[in-house]
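Participant: Dropping in run10.cif, which is mmCIF, C-alpha atoms:
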data_query
#
loop_
_atom_site.label_atom_id
_atom_site.label_comp_id
_atom_site.auth_asym_id
_atom_site.auth_seq_id
_atom_site.Cartn_x
_atom_site.Cartn_y
_atom_site.Cartn_z
CA SER A 62 51.62 158.71 74.55
CA LEU A 63 51.45 162.47 74.89
CA ARG A 64 49.36 162.52 71.72
CA ARG A 65 46.66 160.30 73.23
CA GLN A 66 46.90 162.11 76.54
CA SER A 67 46.29 165.50 74.96
CA LEU A 68 43.41 164.26 72.80
CA ILE A 69 41.67 162.62 75.75
CA ALA A 70 42.25 165.61 78.02
CA ALA A 71 40.81 167.97 75.40
CA ARG A 72 37.73 165.83 74.87
CA TYR A 73 37.19 164.78 78.49
CA PRO A 74 38.63 167.56 80.70
CA HIS A 75 36.96 166.09 83.80
CA LEU A 76 39.21 162.99 83.70
CA THR A 77 42.41 162.75 85.67
CA ILE A 78 45.18 161.34 83.50
CA LEU A 79 48.03 159.63 85.32
CA PRO A 80 51.25 157.95 84.19
CA LEU A 81 51.17 154.19 83.71
CA ARG A 82 54.39 152.19 83.54
CA GLY A 83 55.31 148.56 83.30
CA ASN A 84 54.79 145.64 80.96
CA LEU A 85 51.34 144.63 79.76
CA ASP A 86 50.66 142.29 82.68
CA THR A 87 51.63 145.01 85.16
CA ARG A 88 49.39 147.56 83.46
CA LEU A 89 46.42 145.21 83.29
CA GLY A 90 47.00 144.25 86.93
CA LYS A 91 46.76 147.90 87.95
CA LEU A 92 43.49 148.16 86.04
CA ASP A 93 42.15 144.97 87.64
CA ARG A 94 43.06 146.23 91.14
CA GLY A 95 41.12 149.42 90.53
CA ASP A 96 44.14 151.71 90.40
CA TYR A 97 42.71 153.04 87.12
CA ALA A 98 39.17 153.30 85.81
CA ALA A 99 40.47 152.66 82.29
CA ILE A 100 43.74 152.33 80.42
CA ILE A 101 44.54 152.78 76.77
CA LEU A 102 46.60 150.11 75.07
CA ALA A 103 47.24 149.14 71.47
CA ALA A 104 44.50 146.75 70.36
CA ALA A 105 46.91 145.06 67.95
CA GLY A 106 49.25 144.17 70.82
CA LEU A 107 46.44 142.75 72.94
CA LYS A 108 45.20 140.66 70.01
CA ARG A 109 48.70 139.42 69.22
CA LEU A 110 49.08 138.23 72.83
CA GLY A 111 45.71 136.47 72.83
CA LEU A 112 44.09 139.10 75.05
CA ALA A 113 41.45 140.43 72.65
CA SER A 114 38.77 139.70 75.28
CA ARG A 115 40.27 142.52 77.40
CA ILE A 116 39.39 145.13 74.74
CA ARG A 117 36.27 147.07 75.77
CA ALA A 118 36.31 149.71 73.05
CA VAL A 119 38.39 150.73 70.07
CA LEU A 120 39.07 154.42 69.57
CA ALA A 121 38.16 155.62 66.08
CA PRO A 122 40.61 157.90 64.27
CA GLU A 123 38.04 160.69 64.61
CA ASP A 124 38.36 160.41 68.39
CA SER A 125 42.10 159.75 68.61
CA LEU A 126 44.14 160.70 65.57
CA PRO A 127 47.08 158.32 65.14
CA ALA A 128 50.72 159.30 65.11
CA ALA A 129 52.30 159.91 61.73
CA GLY A 130 53.09 156.60 60.06
CA GLN A 131 51.38 154.56 62.79
CA GLY A 132 51.01 150.95 61.69
CA ALA A 133 52.99 151.38 58.48
CA MET A 134 55.93 149.11 57.78
CA ALA A 135 59.08 150.03 55.92
CA ILE A 136 61.98 148.05 54.52
CA GLU A 137 65.39 149.69 54.38
CA ILE A 138 68.08 148.69 51.91
CA ARG A 139 71.67 149.29 52.89
CA ALA A 140 73.39 151.73 50.55
CA GLY A 141 76.50 150.47 48.76
CA ARG A 142 75.56 146.79 48.74
CA ALA A 143 77.98 144.84 46.55
CA ASP A 144 76.07 141.63 45.81
CA GLY A 145 74.64 142.96 42.53
CA VAL A 146 71.02 142.18 43.42
CA ASP A 147 68.64 145.08 42.80
CA LEU A 148 66.70 144.72 46.03
CA ALA A 149 64.58 147.79 45.27
CA ALA A 150 63.25 146.02 42.16
CA VAL A 151 62.77 142.73 44.02
CA LEU A 152 60.83 144.44 46.83
CA ALA A 153 58.83 146.84 44.62
CA PRO A 154 55.73 144.58 44.45
CA LEU A 155 55.44 144.82 48.25
CA ASN A 156 54.95 148.60 48.10
CA HIS A 157 51.33 149.65 48.59
CA LEU A 158 51.03 152.96 46.77
CA ALA A 159 48.13 154.41 48.78
CA THR A 160 49.88 153.60 52.07
CA ALA A 161 53.15 155.10 50.83
CA GLN A 162 51.33 158.27 49.79
CA ALA A 163 49.48 158.55 53.11
CA VAL A 164 52.62 158.00 55.18
CA THR A 165 54.54 160.52 53.09
CA ALA A 166 51.92 163.22 53.81
CA GLU A 167 51.79 162.33 57.52
CA ARG A 168 55.56 162.31 57.89
CA LYS A 169 55.84 165.69 56.17
CA VAL A 170 53.70 167.26 58.91
CA SER A 171 55.72 165.45 61.58
CA LYS A 172 59.03 166.55 60.07
CA ILE A 173 57.95 170.19 59.87
CA PHE A 174 57.14 170.25 63.60
CA GLY A 175 60.01 168.02 64.73
CA GLY A 176 57.71 165.14 65.61
CA SER A 177 58.87 162.57 68.14
CA CYS A 178 57.36 160.56 70.98
CA GLN A 179 57.95 163.65 73.15
CA ILE A 180 55.63 165.87 71.09
CA PRO A 181 51.81 165.67 71.16
CA LEU A 182 51.37 165.59 67.39
CA ALA A 183 49.08 163.49 65.20
CA ALA A 184 48.77 163.15 61.44
CA PHE A 185 46.44 160.75 59.66
CA ALA A 186 45.87 160.48 55.93
CA THR A 187 43.42 158.33 54.00
CA VAL A 188 43.46 157.75 50.27
CA GLU A 189 40.45 157.05 48.10
CA GLY A 190 41.31 156.73 44.45
CA ASP A 191 43.26 159.81 43.42
CA ASN A 192 42.17 161.85 46.43
CA MET A 193 43.81 162.11 49.85
CA ARG A 194 42.37 163.48 53.07
CA LEU A 195 44.92 164.57 55.69
CA ARG A 196 44.03 165.46 59.28
CA ALA A 197 46.59 166.65 61.82
CA MET A 198 46.83 168.25 65.24
CA VAL A 199 49.31 169.52 67.80
CA ALA A 200 48.37 170.14 71.41
CA THR A 201 49.63 170.71 74.90
CA PRO A 202 49.68 167.50 76.97
CA ASP A 203 46.80 168.79 79.10
CA GLY A 204 44.69 169.36 75.98
CA ALA A 205 44.06 173.00 76.96
CA ARG A 206 45.57 174.32 73.71
CA MET A 207 45.15 172.52 70.43
CA ALA A 208 45.53 173.30 66.76
CA SER A 209 43.89 171.00 64.24
CA ALA A 210 43.60 171.06 60.49
CA GLU A 211 42.17 169.00 57.68
CA LEU A 212 42.55 169.23 53.91
CA GLU A 213 41.88 167.16 50.84
CA GLY A 214 44.08 167.09 47.79
CA PRO A 215 45.60 164.89 45.13
CA ALA A 216 47.08 161.66 46.47
CA GLY A 217 49.90 162.06 43.98
CA ALA A 218 51.19 165.17 45.81
CA PRO A 219 51.44 163.97 49.43
CA GLU A 220 54.31 166.25 50.51
CA GLN A 221 52.51 169.31 49.21
CA LEU A 222 49.36 168.35 51.12
CA GLY A 223 51.45 167.79 54.25
CA GLU A 224 52.98 171.26 53.86
CA GLN A 225 49.55 172.84 53.38
CA VAL A 226 48.16 171.19 56.52
CA ALA A 227 51.25 172.22 58.47
CA GLU A 228 50.68 175.80 57.28
CA LEU A 229 47.11 175.69 58.60
CA LEU A 230 48.46 174.46 61.95
CA ARG A 231 51.03 177.26 61.98
CA GLY A 232 48.18 179.71 61.48
CA GLN A 233 46.70 178.41 64.75
CA ASP A 234 49.98 178.98 66.62
CA ALA A 235 51.19 175.37 66.47
CA ALA A 236 54.74 176.50 67.19
CA GLY A 237 53.59 178.36 70.30
CA ILE A 238 51.57 175.35 71.44
CA LEU A 239 54.54 173.03 71.07
CA ALA A 240 56.84 175.54 72.78
CA ALA A 241 54.44 175.60 75.73
CA CYS A 242 54.55 171.82 76.14
CA ALA A 243 55.98 170.72 79.46
CA VAL A 244 57.15 167.35 78.19
CA THR A 245 58.36 164.76 80.67
CA PRO A 246 59.26 161.11 80.13
CA ASP A 247 56.66 160.11 82.74
CA ASN A 248 53.71 161.03 80.53
CA HIS A 249 51.99 157.75 79.64
CA GLU A 250 48.30 157.16 79.20
CA GLY A 251 46.18 155.99 82.08
CA LEU A 252 42.91 157.29 83.41
CA ALA A 253 42.54 157.53 87.15
CA PRO A 254 39.34 156.35 88.82
CA HIS A 255 36.83 159.05 89.62
CA ALA A 256 37.23 160.47 93.10
#
Can you give me the file's structure in the form of C-alpha cells?
Facilitator:
Amino acid sequence: SLRRQSLIAARYPHLTILPLRGNLDTRLGKLDRGDYAAIILAAAGLKRLGLASRIRAVLAPEDSLPAAGQGAMAIEIRAGRADGVDLAAVLAPLNHLATAQAVTAERKVSKIFGGSCQIPLAAFATVEGDNMRLRAMVATPDGARMASAELEGPAGAPEQLGEQVAELLRGQDAAGILAACAVTPDNHEGLAPHA
C-alpha cells in the first residue's frame, strides 16, 4: 500500500522500495529467491493460510499506522426491505461500541481527505473507557513529506475528534502533500535487497 510505502520510506530512507505483484505464493517465492530482502504482508492473511511460521516481525501501530477502518467489519442492511423483520434490532448486540467509535473517527479523517487505496493516508483510534486517542498522517509515497497529528478527546464525539485531527493535518499542508503525490497503480510494498 502507498500508506505503508510512505511510512517505511520516511523511517528508513536508505531502503529501496519496489513494487511487488502476484498472489501470496508468488510474492513469497520472490522473497525466497532473494529478489527482495523483505516483504510486508498482512499477518492475518498468513495465519489464515497456515503460514504463520513465515512471519518474522509484526509492525506495531506506532511504526506503521493502519488505514482508516482497517480490520473492522460492517454489516449493511438493504433499505426498503419488506419482510417486516427489524434487522437493525436483531443485529444490535453484535455492535461493539468502542470499535464503532474508533472507526467513525478514523473514517472522518479519511473522508475529509478523500481517502482511498491511492492515497497515502492513515488513521488509527484507540478507545479506553470514555477517552479516545486518534493518530493520523498523510504523506508522499516517497516519505519525503509527511504531516502527522494526534489528539485525545471524548469517545462519544468521534466525528468531532476526526475533524480536529484533520484540521491539525491541514495546518501541516496535508492538502499540498496529497496534491504532490505521484500515485500509480504499481505502488505495492516490497523492499529491495541492499546493493
Participant: Any idea what the distance is between CA of Arg64 (chain A) and CA of Lys91 (chain A)?
Facilitator: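 The value is 22.0 Å.
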Participant: Run the PyMOL selection byres ((chain A and resi 69-75) around 6) against the file shown and list the residues it catches, as a short mmCIF file (atom, residue, chain, number, x, y, z; two decimals) with C-alpha atoms, in the frame of the given file.
Facilitator:
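As a result, expr.cif now contains:
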data_model
loop_
_atom_site.label_atom_id
_atom_site.label_comp_id
_atom_site.auth_asym_id
_atom_site.auth_seq_id
_atom_site.Cartn_x
_atom_site.Cartn_y
_atom_site.Cartn_z
CA GLN A 66 46.90 162.11 76.54
CA SER A 67 46.29 165.50 74.96
CA LEU A 68 43.41 164.26 72.80
CA LEU A 76 39.21 162.99 83.70
CA ASP A 203 46.80 168.79 79.10
CA GLY A 204 44.69 169.36 75.98
#
Participant: Do a neighbour search on Val226 (chain A) at 10 Å with all atoms listed in the file, toss out local chain neighbours closer than 6 positions, and write the hits as a compact mmCIF listing (two decimals) with C-alpha atoms, keeping the file's coordinate frame.
Facilitator:
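The file below, around.txt, is the result:
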# COMPACT_ATOMS: atom_id res chain seq x y z
CA ALA A 166 51.92 163.22 53.81
CA GLU A 167 51.79 162.33 57.52
CA LYS A 169 55.84 165.69 56.17
CA VAL A 170 53.70 167.26 58.91
CA ALA A 184 48.77 163.15 61.44
CA LEU A 195 44.92 164.57 55.69
CA ARG A 196 44.03 165.46 59.28
CA ALA A 197 46.59 166.65 61.82
CA MET A 198 46.83 168.25 65.24
CA SER A 209 43.89 171.00 64.24
CA ALA A 210 43.60 171.06 60.49
CA GLU A 211 42.17 169.00 57.68
CA LEU A 212 42.55 169.23 53.91
CA GLU A 213 41.88 167.16 50.84
CA GLU A 220 54.31 166.25 50.51
CA GLY A 232 48.18 179.71 61.48
Participant: For the PyMOL selection byres ((chain A and resi 216) around 10), applied here, can you spell out every residue it catches as JSON, numbers by chain?
Facilitator: {"A": [158, 159, 161, 162, 163, 166, 186, 187, 188, 189, 190, 191, 192, 193, 194, 195, 213, 214, 215, 217, 218, 219, 220, 221, 222]}
Participant: Would you put the residues from that selection into a file with C-alpha atoms, as an mmCIF file, in the coordinates of the input?
Facilitator:
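Output file again19.cif follows:
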data_model
loop_
_atom_site.group_PDB
_atom_site.id
_atom_site.type_symbol
_atom_site.label_atom_id
_atom_site.label_comp_id
_atom_site.auth_asym_id
_atom_site.auth_seq_id
_atom_site.Cartn_x
_atom_site.Cartn_y
_atom_site.Cartn_z
ATOM 1 C CA LEU A 158 51.030 152.960 46.770
ATOM 2 C CA ALA A 159 48.130 154.410 48.780
ATOM 3 C CA ALA A 161 53.150 155.100 50.830
ATOM 4 C CA GLN A 162 51.330 158.270 49.790
ATOM 5 C CA ALA A 163 49.480 158.550 53.110
ATOM 6 C CA ALA A 166 51.920 163.220 53.810
ATOM 7 C CA ALA A 186 45.870 160.480 55.930
ATOM 8 C CA THR A 187 43.420 158.330 54.000
ATOM 9 C CA VAL A 188 43.460 157.750 50.270
ATOM 10 C CA GLU A 189 40.450 157.050 48.100
ATOM 11 C CA GLY A 190 41.310 156.730 44.450
ATOM 12 C CA ASP A 191 43.260 159.810 43.420
ATOM 13 C CA ASN A 192 42.170 161.850 46.430
ATOM 14 C CA MET A 193 43.810 162.110 49.850
ATOM 15 C CA ARG A 194 42.370 163.480 53.070
ATOM 16 C CA LEU A 195 44.920 164.570 55.690
ATOM 17 C CA GLU A 213 41.880 167.160 50.840
ATOM 18 C CA GLY A 214 44.080 167.090 47.790
ATOM 19 C CA PRO A 215 45.600 164.890 45.130
ATOM 20 C CA GLY A 217 49.900 162.060 43.980
ATOM 21 C CA ALA A 218 51.190 165.170 45.810
ATOM 22 C CA PRO A 219 51.440 163.970 49.430
ATOM 23 C CA GLU A 220 54.310 166.250 50.510
ATOM 24 C CA GLN A 221 52.510 169.310 49.210
ATOM 25 C CA LEU A 222 49.360 168.350 51.120
#
Participant: Can you tell me how far CA of Leu148 (chain A) sits from CA of Ala128 (chain A), in Å to one decimal?
Facilitator: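 Pair CA of Leu148 (chain A) / CA of Ala128 (chain A) returns 28.8 Å.
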Participant: Counting all atoms listed in the file, which residue out of A:Gln233, A:Asn156, A:Ser125, A:Thr77 sits closest to Ser62 (chain A)?
Facilitator: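 When distances to Ser62 (chain A) are compared using all atoms listed in the file, the smallest one comes from A:Ser125.
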Participant: Applied to this file, what does the PyMOL selection byres ((chain A and resi 107) around 12) return in terms of residues, put as a list in words?
Facilitator: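 Written out, the selection comes to Asn84, Leu85, Asp86, Arg88, Leu89, Ile101, Leu102, Ala103, Ala104, Ala105, Gly106, Lys108, Arg109, Leu110, Gly111, Leu112, Ala113, Ser114, Arg115, Ile116, Arg117 and Val119 of chain A.
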Participant: How many Å lie between CA of Gly223 (chain A) and CA of Phe174 (chain A), rounded to one decimal?
Facilitator: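 Between these atoms lies a distance of 11.2 Å.
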Participant: Quick one: residues within 10 Å of Gln131 (chain A), all atoms listed in the file, excluding same-chain residues fewer than 2 positions away - as an mmCIF file with C-alpha atoms, in the frame of the given file?
Facilitator:
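The result, stored in around-v6.cif:
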data_model
loop_
_atom_site.group_PDB
_atom_site.id
_atom_site.type_symbol
_atom_site.label_atom_id
_atom_site.label_comp_id
_atom_site.auth_asym_id
_atom_site.auth_seq_id
_atom_site.Cartn_x
_atom_site.Cartn_y
_atom_site.Cartn_z
ATOM 1 C CA LEU A 126 44.140 160.700 65.570
ATOM 2 C CA PRO A 127 47.080 158.320 65.140
ATOM 3 C CA ALA A 128 50.720 159.300 65.110
ATOM 4 C CA ALA A 129 52.300 159.910 61.730
ATOM 5 C CA ALA A 133 52.990 151.380 58.480
ATOM 6 C CA MET A 134 55.930 149.110 57.780
ATOM 7 C CA VAL A 164 52.620 158.000 55.180
ATOM 8 C CA GLU A 167 51.790 162.330 57.520
ATOM 9 C CA ALA A 183 49.080 163.490 65.200
ATOM 10 C CA ALA A 184 48.770 163.150 61.440
ATOM 11 C CA PHE A 185 46.440 160.750 59.660
#
Participant: Tell me which of A:Gly83, A:Leu229, A:Thr160, A:Cys242 sits closest to Ala200 (chain A), counting all atoms listed in the file.
Facilitator: A:Cys242
